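Student: Structure supplied as my_file-v8.cif; contents: mmCIF, N, CA and C atoms.
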data_work
#
loop_
_atom_site.group_PDB
_atom_site.id
_atom_site.type_symbol
_atom_site.label_atom_id
_atom_site.label_comp_id
_atom_site.auth_asym_id
_atom_site.auth_seq_id
_atom_site.Cartn_x
_atom_site.Cartn_y
_atom_site.Cartn_z
ATOM 1 N N MET A 1 1.995 -10.571 -9.960
ATOM 2 C CA MET A 1 2.264 -9.559 -8.964
ATOM 3 C C MET A 1 2.495 -8.226 -9.670
ATOM 4 N N GLN A 2 2.082 -7.167 -8.979
ATOM 5 C CA GLN A 2 2.275 -5.829 -9.513
ATOM 6 C C GLN A 2 2.466 -4.850 -8.362
ATOM 7 N N ALA A 3 3.017 -3.696 -8.682
ATOM 8 C CA ALA A 3 3.181 -2.654 -7.670
ATOM 9 C C ALA A 3 1.809 -2.098 -7.302
ATOM 10 N N LEU A 4 1.641 -1.745 -6.045
ATOM 11 C CA LEU A 4 0.379 -1.173 -5.586
ATOM 12 C C LEU A 4 0.025 0.081 -6.378
ATOM 13 N N SER A 5 1.020 0.841 -6.784
ATOM 14 C CA SER A 5 0.770 2.065 -7.548
ATOM 15 C C SER A 5 0.187 1.787 -8.928
ATOM 16 N N LYS A 6 0.295 0.571 -9.413
ATOM 17 C CA LYS A 6 -0.219 0.187 -10.742
ATOM 18 C C LYS A 6 -1.528 -0.595 -10.654
ATOM 19 N N ALA A 7 -1.999 -0.869 -9.446
ATOM 20 C CA ALA A 7 -3.197 -1.695 -9.240
ATOM 21 C C ALA A 7 -4.467 -0.903 -9.577
ATOM 22 N N THR A 8 -5.585 -1.621 -9.675
ATOM 23 C CA THR A 8 -6.874 -1.051 -10.047
ATOM 24 C C THR A 8 -7.633 -0.574 -8.814
ATOM 25 N N PRO A 9 -8.074 0.694 -8.817
ATOM 26 C CA PRO A 9 -8.855 1.204 -7.676
ATOM 27 C C PRO A 9 -10.159 0.427 -7.495
ATOM 28 N N GLY A 10 -10.575 0.304 -6.247
ATOM 29 C CA GLY A 10 -11.809 -0.399 -5.928
ATOM 30 C C GLY A 10 -11.621 -1.877 -5.659
ATOM 31 N N GLU A 11 -10.453 -2.397 -5.919
ATOM 32 C CA GLU A 11 -10.166 -3.811 -5.718
ATOM 33 C C GLU A 11 -9.484 -4.035 -4.370
ATOM 34 N N THR A 12 -9.607 -5.253 -3.868
ATOM 35 C CA THR A 12 -8.924 -5.664 -2.641
ATOM 36 C C THR A 12 -7.748 -6.547 -3.028
ATOM 37 N N TYR A 13 -6.612 -6.322 -2.400
ATOM 38 C CA TYR A 13 -5.381 -7.032 -2.733
ATOM 39 C C TYR A 13 -4.736 -7.602 -1.468
ATOM 40 N N THR A 14 -3.940 -8.635 -1.665
ATOM 41 C CA THR A 14 -3.118 -9.204 -0.597
ATOM 42 C C THR A 14 -1.684 -8.760 -0.836
ATOM 43 N N ILE A 15 -1.053 -8.227 0.184
ATOM 44 C CA ILE A 15 0.332 -7.773 0.060
ATOM 45 C C ILE A 15 1.238 -8.999 -0.002
ATOM 46 N N GLN A 16 2.025 -9.101 -1.068
ATOM 47 C CA GLN A 16 2.945 -10.221 -1.253
ATOM 48 C C GLN A 16 4.296 -9.936 -0.590
ATOM 49 N N TRP A 17 4.838 -8.762 -0.834
ATOM 50 C CA TRP A 17 6.074 -8.335 -0.189
ATOM 51 C C TRP A 17 6.203 -6.832 -0.292
ATOM 52 N N MET A 18 7.033 -6.276 0.583
ATOM 53 C CA MET A 18 7.250 -4.838 0.592
ATOM 54 C C MET A 18 8.622 -4.540 1.181
ATOM 55 N N PHE A 19 9.181 -3.412 0.775
ATOM 56 C CA PHE A 19 10.462 -2.981 1.313
ATOM 57 C C PHE A 19 10.497 -1.462 1.316
ATOM 58 N N GLY A 20 11.430 -0.912 2.052
ATOM 59 C CA GLY A 20 11.565 0.537 2.126
ATOM 60 C C GLY A 20 12.330 0.935 3.364
ATOM 61 N N GLN A 21 12.286 2.222 3.677
ATOM 62 C CA GLN A 21 12.980 2.743 4.846
ATOM 63 C C GLN A 21 12.322 2.207 6.113
ATOM 64 N N PRO A 22 13.116 1.893 7.123
ATOM 65 C CA PRO A 22 12.575 1.300 8.355
ATOM 66 C C PRO A 22 11.465 2.121 9.008
ATOM 67 N N GLU A 23 11.590 3.451 9.032
ATOM 68 C CA GLU A 23 10.547 4.263 9.660
ATOM 69 C C GLU A 23 9.240 4.238 8.874
ATOM 70 N N VAL A 24 9.322 4.119 7.561
ATOM 71 C CA VAL A 24 8.115 3.997 6.738
ATOM 72 C C VAL A 24 7.470 2.638 6.984
ATOM 73 N N LEU A 25 8.272 1.583 7.005
ATOM 74 C CA LEU A 25 7.737 0.249 7.257
ATOM 75 C C LEU A 25 7.129 0.149 8.656
ATOM 76 N N ASP A 26 7.730 0.796 9.631
ATOM 77 C CA ASP A 26 7.158 0.799 10.986
ATOM 78 C C ASP A 26 5.775 1.439 10.993
ATOM 79 N N PHE A 27 5.628 2.565 10.295
ATOM 80 C CA PHE A 27 4.325 3.227 10.197
ATOM 81 C C PHE A 27 3.305 2.300 9.531
ATOM 82 N N LEU A 28 3.697 1.666 8.421
ATOM 83 C CA LEU A 28 2.778 0.773 7.713
ATOM 84 C C LEU A 28 2.393 -0.411 8.580
ATOM 85 N N HIS A 29 3.344 -1.028 9.259
ATOM 86 C CA HIS A 29 3.052 -2.160 10.140
ATOM 87 C C HIS A 29 2.085 -1.758 11.249
ATOM 88 N N SER A 30 2.239 -0.565 11.783
ATOM 89 C CA SER A 30 1.366 -0.115 12.869
ATOM 90 C C SER A 30 -0.068 0.136 12.405
ATOM 91 N N HIS A 31 -0.276 0.207 11.081
ATOM 92 C CA HIS A 31 -1.616 0.391 10.518
ATOM 93 C C HIS A 31 -2.088 -0.851 9.757
ATOM 94 N N SER A 32 -1.574 -2.009 10.139
ATOM 95 C CA SER A 32 -1.978 -3.313 9.576
ATOM 96 C C SER A 32 -1.673 -3.453 8.091
ATOM 97 N N VAL A 33 -0.658 -2.756 7.628
ATOM 98 C CA VAL A 33 -0.187 -2.934 6.250
ATOM 99 C C VAL A 33 1.080 -3.763 6.364
ATOM 100 N N ASP A 34 0.924 -5.067 6.101
ATOM 101 C CA ASP A 34 2.024 -6.003 6.275
ATOM 102 C C ASP A 34 1.849 -7.132 5.276
ATOM 103 N N GLU A 35 2.902 -7.874 5.027
ATOM 104 C CA GLU A 35 2.836 -8.999 4.100
ATOM 105 C C GLU A 35 1.769 -9.979 4.551
ATOM 106 N N GLY A 36 0.932 -10.409 3.610
ATOM 107 C CA GLY A 36 -0.144 -11.349 3.897
ATOM 108 C C GLY A 36 -1.460 -10.679 4.265
ATOM 109 N N GLU A 37 -1.452 -9.387 4.552
ATOM 110 C CA GLU A 37 -2.671 -8.656 4.913
ATOM 111 C C GLU A 37 -3.427 -8.227 3.661
ATOM 112 N N HIS A 38 -4.732 -8.044 3.819
ATOM 113 C CA HIS A 38 -5.584 -7.574 2.728
ATOM 114 C C HIS A 38 -5.766 -6.070 2.863
ATOM 115 N N ILE A 39 -5.611 -5.369 1.748
ATOM 116 C CA ILE A 39 -5.846 -3.929 1.713
ATOM 117 C C ILE A 39 -6.728 -3.614 0.520
ATOM 118 N N GLN A 40 -7.417 -2.497 0.575
ATOM 119 C CA GLN A 40 -8.242 -2.047 -0.533
ATOM 120 C C GLN A 40 -7.625 -0.781 -1.112
ATOM 121 N N LEU A 41 -7.485 -0.754 -2.418
ATOM 122 C CA LEU A 41 -7.028 0.452 -3.096
ATOM 123 C C LEU A 41 -8.266 1.293 -3.371
ATOM 124 N N ILE A 42 -8.433 2.363 -2.621
ATOM 125 C CA ILE A 42 -9.635 3.174 -2.697
ATOM 126 C C ILE A 42 -9.594 4.115 -3.894
ATOM 127 N N GLN A 43 -8.466 4.804 -4.066
ATOM 128 C CA GLN A 43 -8.372 5.785 -5.147
ATOM 129 C C GLN A 43 -6.931 5.960 -5.570
ATOM 130 N N LYS A 44 -6.739 6.200 -6.882
ATOM 131 C CA LYS A 44 -5.422 6.537 -7.413
ATOM 132 C C LYS A 44 -5.469 7.973 -7.893
ATOM 133 N N MET A 45 -4.441 8.708 -7.552
ATOM 134 C CA MET A 45 -4.287 10.075 -8.033
ATOM 135 C C MET A 45 -2.989 10.140 -8.839
ATOM 136 N N ARG A 46 -2.669 11.309 -9.305
ATOM 137 C CA ARG A 46 -1.488 11.447 -10.150
ATOM 138 C C ARG A 46 -0.213 11.013 -9.433
ATOM 139 N N ASP A 47 -0.058 11.410 -8.169
ATOM 140 C CA ASP A 47 1.194 11.129 -7.475
ATOM 141 C C ASP A 47 1.027 10.392 -6.154
ATOM 142 N N CYS A 48 -0.174 9.865 -5.881
ATOM 143 C CA CYS A 48 -0.383 9.107 -4.643
ATOM 144 C C CYS A 48 -1.570 8.156 -4.793
ATOM 145 N N VAL A 49 -1.706 7.273 -3.818
ATOM 146 C CA VAL A 49 -2.846 6.361 -3.756
ATOM 147 C C VAL A 49 -3.459 6.474 -2.363
ATOM 148 N N ILE A 50 -4.739 6.190 -2.269
ATOM 149 C CA ILE A 50 -5.423 6.126 -0.982
ATOM 150 C C ILE A 50 -5.806 4.677 -0.761
ATOM 151 N N ILE A 51 -5.411 4.138 0.396
ATOM 152 C CA ILE A 51 -5.702 2.738 0.687
ATOM 153 C C ILE A 51 -6.488 2.623 1.984
ATOM 154 N N GLY A 52 -7.169 1.514 2.109
ATOM 155 C CA GLY A 52 -7.860 1.160 3.341
ATOM 156 C C GLY A 52 -7.298 -0.148 3.850
ATOM 157 N N ALA A 53 -6.948 -0.183 5.131
ATOM 158 C CA ALA A 53 -6.423 -1.391 5.761
ATOM 159 C C ALA A 53 -7.061 -1.501 7.137
ATOM 160 N N LYS A 54 -7.880 -2.529 7.326
ATOM 161 C CA LYS A 54 -8.636 -2.720 8.572
ATOM 162 C C LYS A 54 -9.410 -1.452 8.891
ATOM 163 N N ASP A 55 -9.087 -0.739 9.972
ATOM 164 C CA ASP A 55 -9.845 0.449 10.367
ATOM 165 C C ASP A 55 -9.183 1.753 9.944
ATOM 166 N N SER A 56 -8.138 1.694 9.145
ATOM 167 C CA SER A 56 -7.393 2.899 8.760
ATOM 168 C C SER A 56 -7.534 3.175 7.270
ATOM 169 N N ARG A 57 -7.531 4.447 6.948
ATOM 170 C CA ARG A 57 -7.442 4.894 5.558
ATOM 171 C C ARG A 57 -6.409 5.996 5.526
ATOM 172 N N PHE A 58 -5.530 5.927 4.542
ATOM 173 C CA PHE A 58 -4.524 6.974 4.419
ATOM 174 C C PHE A 58 -3.966 6.999 3.012
ATOM 175 N N ALA A 59 -3.315 8.114 2.697
ATOM 176 C CA ALA A 59 -2.680 8.284 1.399
ATOM 177 C C ALA A 59 -1.195 7.983 1.530
ATOM 178 N N MET A 60 -0.633 7.485 0.444
ATOM 179 C CA MET A 60 0.816 7.296 0.384
ATOM 180 C C MET A 60 1.272 7.663 -1.024
ATOM 181 N N GLY A 61 2.453 8.220 -1.106
ATOM 182 C CA GLY A 61 3.016 8.597 -2.395
ATOM 183 C C GLY A 61 3.333 7.383 -3.245
ATOM 184 N N ASN A 62 3.372 7.602 -4.545
ATOM 185 C CA ASN A 62 3.689 6.508 -5.466
ATOM 186 C C ASN A 62 5.074 5.928 -5.220
ATOM 187 N N GLU A 63 6.011 6.727 -4.678
ATOM 188 C CA GLU A 63 7.346 6.207 -4.415
ATOM 189 C C GLU A 63 7.310 5.129 -3.335
ATOM 190 N N ILE A 64 6.337 5.195 -2.428
ATOM 191 C CA ILE A 64 6.164 4.142 -1.418
ATOM 192 C C ILE A 64 5.319 2.999 -2.004
ATOM 193 N N ALA A 65 4.259 3.340 -2.713
ATOM 194 C CA ALA A 65 3.369 2.323 -3.297
ATOM 195 C C ALA A 65 4.099 1.469 -4.332
ATOM 196 N N ASP A 66 5.132 2.022 -4.969
ATOM 197 C CA ASP A 66 5.936 1.251 -5.932
ATOM 198 C C ASP A 66 6.684 0.115 -5.250
ATOM 199 N N ARG A 67 6.916 0.228 -3.943
ATOM 200 C CA ARG A 67 7.695 -0.762 -3.199
ATOM 201 C C ARG A 67 6.824 -1.783 -2.476
ATOM 202 N N ILE A 68 5.527 -1.743 -2.758
ATOM 203 C CA ILE A 68 4.598 -2.711 -2.171
ATOM 204 C C ILE A 68 4.032 -3.541 -3.332
ATOM 205 N N GLN A 69 4.308 -4.809 -3.318
ATOM 206 C CA GLN A 69 3.840 -5.711 -4.382
ATOM 207 C C GLN A 69 2.587 -6.451 -3.922
ATOM 208 N N VAL A 70 1.565 -6.435 -4.764
ATOM 209 C CA VAL A 70 0.291 -7.107 -4.452
ATOM 210 C C VAL A 70 -0.019 -8.147 -5.509
#
Starting from the file, lay out its structure as structure tokens.

Tutor:
Amino acid sequence: MQALSKATPGETYTIQWMFGQPEVLDFLHSHSVDEGEHIQLIQKMRDCVIIGAKDSRFAMGNEIADRIQV
């Protein structure tokens, strides 16, 4: 297992566990980012990552991606 922020771009991962502020987790859950779901790490930048989950693509800061284990 590794943090999403440390994962390899272009790969698909299964979320093992995640934690964080309730409002952040609510946003992620509403976009199909949940434990057991598959997501694709599209791109890594210096301070954020871009992910794809089902029909959504969005960026998240490394401080959030550090709390998602894949």

Student: Excluding A:Ala65 and residues on its chain fewer than 3 positions from it, collect all residues at most 9 Å away from it, counting only C-alpha atoms, and give them as JSON, numbers by chain.

Tutor: {"A": [3, 4, 5, 6, 48, 49, 60, 61, 62, 68, 69]}

Student: Fewer than 2 positions away in the same chain doesn't count, so skip those; otherwise give me all residues within 9 Å of A:Asp55, counting only C-alpha atoms, as a count of residues only.

Tutor: 5

Student: Go through chain A and collect every residue that DSSP, computed from the backbone, puts in strand (DSSP E or B); the answer should be as an mmCIF file with N, CA and C atoms, keeping the file's coordinate frame.

Tutor:
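Saved file selection_12.cif follows:
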data_model
loop_
_atom_site.group_PDB
_atom_site.id
_atom_site.type_symbol
_atom_site.label_atom_id
_atom_site.label_comp_id
_atom_site.auth_asym_id
_atom_site.auth_seq_id
_atom_site.Cartn_x
_atom_site.Cartn_y
_atom_site.Cartn_z
ATOM 1 N N ALA A 3 3.017 -3.696 -8.682
ATOM 2 C CA ALA A 3 3.181 -2.654 -7.670
ATOM 3 C C ALA A 3 1.809 -2.098 -7.302
ATOM 4 N N THR A 12 -9.607 -5.253 -3.868
ATOM 5 C CA THR A 12 -8.924 -5.664 -2.641
ATOM 6 C C THR A 12 -7.748 -6.547 -3.028
ATOM 7 N N TYR A 13 -6.612 -6.322 -2.400
ATOM 8 C CA TYR A 13 -5.381 -7.032 -2.733
ATOM 9 C C TYR A 13 -4.736 -7.602 -1.468
ATOM 10 N N THR A 14 -3.940 -8.635 -1.665
ATOM 11 C CA THR A 14 -3.118 -9.204 -0.597
ATOM 12 C C THR A 14 -1.684 -8.760 -0.836
ATOM 13 N N TRP A 17 4.838 -8.762 -0.834
ATOM 14 C CA TRP A 17 6.074 -8.335 -0.189
ATOM 15 C C TRP A 17 6.203 -6.832 -0.292
ATOM 16 N N MET A 18 7.033 -6.276 0.583
ATOM 17 C CA MET A 18 7.250 -4.838 0.592
ATOM 18 C C MET A 18 8.622 -4.540 1.181
ATOM 19 N N HIS A 38 -4.732 -8.044 3.819
ATOM 20 C CA HIS A 38 -5.584 -7.574 2.728
ATOM 21 C C HIS A 38 -5.766 -6.070 2.863
ATOM 22 N N ILE A 39 -5.611 -5.369 1.748
ATOM 23 C CA ILE A 39 -5.846 -3.929 1.713
ATOM 24 C C ILE A 39 -6.728 -3.614 0.520
ATOM 25 N N GLN A 40 -7.417 -2.497 0.575
ATOM 26 C CA GLN A 40 -8.242 -2.047 -0.533
ATOM 27 C C GLN A 40 -7.625 -0.781 -1.112
ATOM 28 N N LEU A 41 -7.485 -0.754 -2.418
ATOM 29 C CA LEU A 41 -7.028 0.452 -3.096
ATOM 30 C C LEU A 41 -8.266 1.293 -3.371
ATOM 31 N N ILE A 42 -8.433 2.363 -2.621
ATOM 32 C CA ILE A 42 -9.635 3.174 -2.697
ATOM 33 C C ILE A 42 -9.594 4.115 -3.894
ATOM 34 N N GLN A 43 -8.466 4.804 -4.066
ATOM 35 C CA GLN A 43 -8.372 5.785 -5.147
ATOM 36 C C GLN A 43 -6.931 5.960 -5.570
ATOM 37 N N LYS A 44 -6.739 6.200 -6.882
ATOM 38 C CA LYS A 44 -5.422 6.537 -7.413
ATOM 39 C C LYS A 44 -5.469 7.973 -7.893
ATOM 40 N N CYS A 48 -0.174 9.865 -5.881
ATOM 41 C CA CYS A 48 -0.383 9.107 -4.643
ATOM 42 C C CYS A 48 -1.570 8.156 -4.793
ATOM 43 N N VAL A 49 -1.706 7.273 -3.818
ATOM 44 C CA VAL A 49 -2.846 6.361 -3.756
ATOM 45 C C VAL A 49 -3.459 6.474 -2.363
ATOM 46 N N ILE A 50 -4.739 6.190 -2.269
ATOM 47 C CA ILE A 50 -5.423 6.126 -0.982
ATOM 48 C C ILE A 50 -5.806 4.677 -0.761
ATOM 49 N N ILE A 51 -5.411 4.138 0.396
ATOM 50 C CA ILE A 51 -5.702 2.738 0.687
ATOM 51 C C ILE A 51 -6.488 2.623 1.984
ATOM 52 N N GLY A 52 -7.169 1.514 2.109
ATOM 53 C CA GLY A 52 -7.860 1.160 3.341
ATOM 54 C C GLY A 52 -7.298 -0.148 3.850
ATOM 55 N N ALA A 53 -6.948 -0.183 5.131
ATOM 56 C CA ALA A 53 -6.423 -1.391 5.761
ATOM 57 C C ALA A 53 -7.061 -1.501 7.137
ATOM 58 N N SER A 56 -8.138 1.694 9.145
ATOM 59 C CA SER A 56 -7.393 2.899 8.760
ATOM 60 C C SER A 56 -7.534 3.175 7.270
ATOM 61 N N ARG A 57 -7.531 4.447 6.948
ATOM 62 C CA ARG A 57 -7.442 4.894 5.558
ATOM 63 C C ARG A 57 -6.409 5.996 5.526
ATOM 64 N N PHE A 58 -5.530 5.927 4.542
ATOM 65 C CA PHE A 58 -4.524 6.974 4.419
ATOM 66 C C PHE A 58 -3.966 6.999 3.012
ATOM 67 N N ALA A 59 -3.315 8.114 2.697
ATOM 68 C CA ALA A 59 -2.680 8.284 1.399
ATOM 69 C C ALA A 59 -1.195 7.983 1.530
ATOM 70 N N MET A 60 -0.633 7.485 0.444
ATOM 71 C CA MET A 60 0.816 7.296 0.384
ATOM 72 C C MET A 60 1.272 7.663 -1.024
ATOM 73 N N GLY A 61 2.453 8.220 -1.106
ATOM 74 C CA GLY A 61 3.016 8.597 -2.395
ATOM 75 C C GLY A 61 3.333 7.383 -3.245
ATOM 76 N N ILE A 68 5.527 -1.743 -2.758
ATOM 77 C CA ILE A 68 4.598 -2.711 -2.171
ATOM 78 C C ILE A 68 4.032 -3.541 -3.332
ATOM 79 N N GLN A 69 4.308 -4.809 -3.318
ATOM 80 C CA GLN A 69 3.840 -5.711 -4.382
ATOM 81 C C GLN A 69 2.587 -6.451 -3.922
#

Student: Calculated over all atoms listed in the file, which of the candidates A:Ala59, A:Thr8, A:Glu23, A:Ile15 has the smallest distance to A:His38?

Tutor: A:Ile15

Student: Quick one: residues within 8 Å of A:Glu35, only N, CA and C atoms, excluding same-chain residues fewer than 6 positions away - as a PyMOL selection string?

Tutor: chain A and resi 14-18+29

Student: Tell me, in Å to one decimal, how far atom CA of A:Ser30 is from atom N of A:Arg46.

Tutor: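 That distance, rounded to one decimal, is 25.3 Å.
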
Student: Could you pull out all residues of chain A with a DSSP call of alpha helix (DSSP H) and give them as a list in words?

Tutor: Pro22, Glu23, Val24, Leu25, Asp26, Phe27, Leu28, His29, Ser30, Asn62, Glu63, Ile64 and Ala65 of chain A
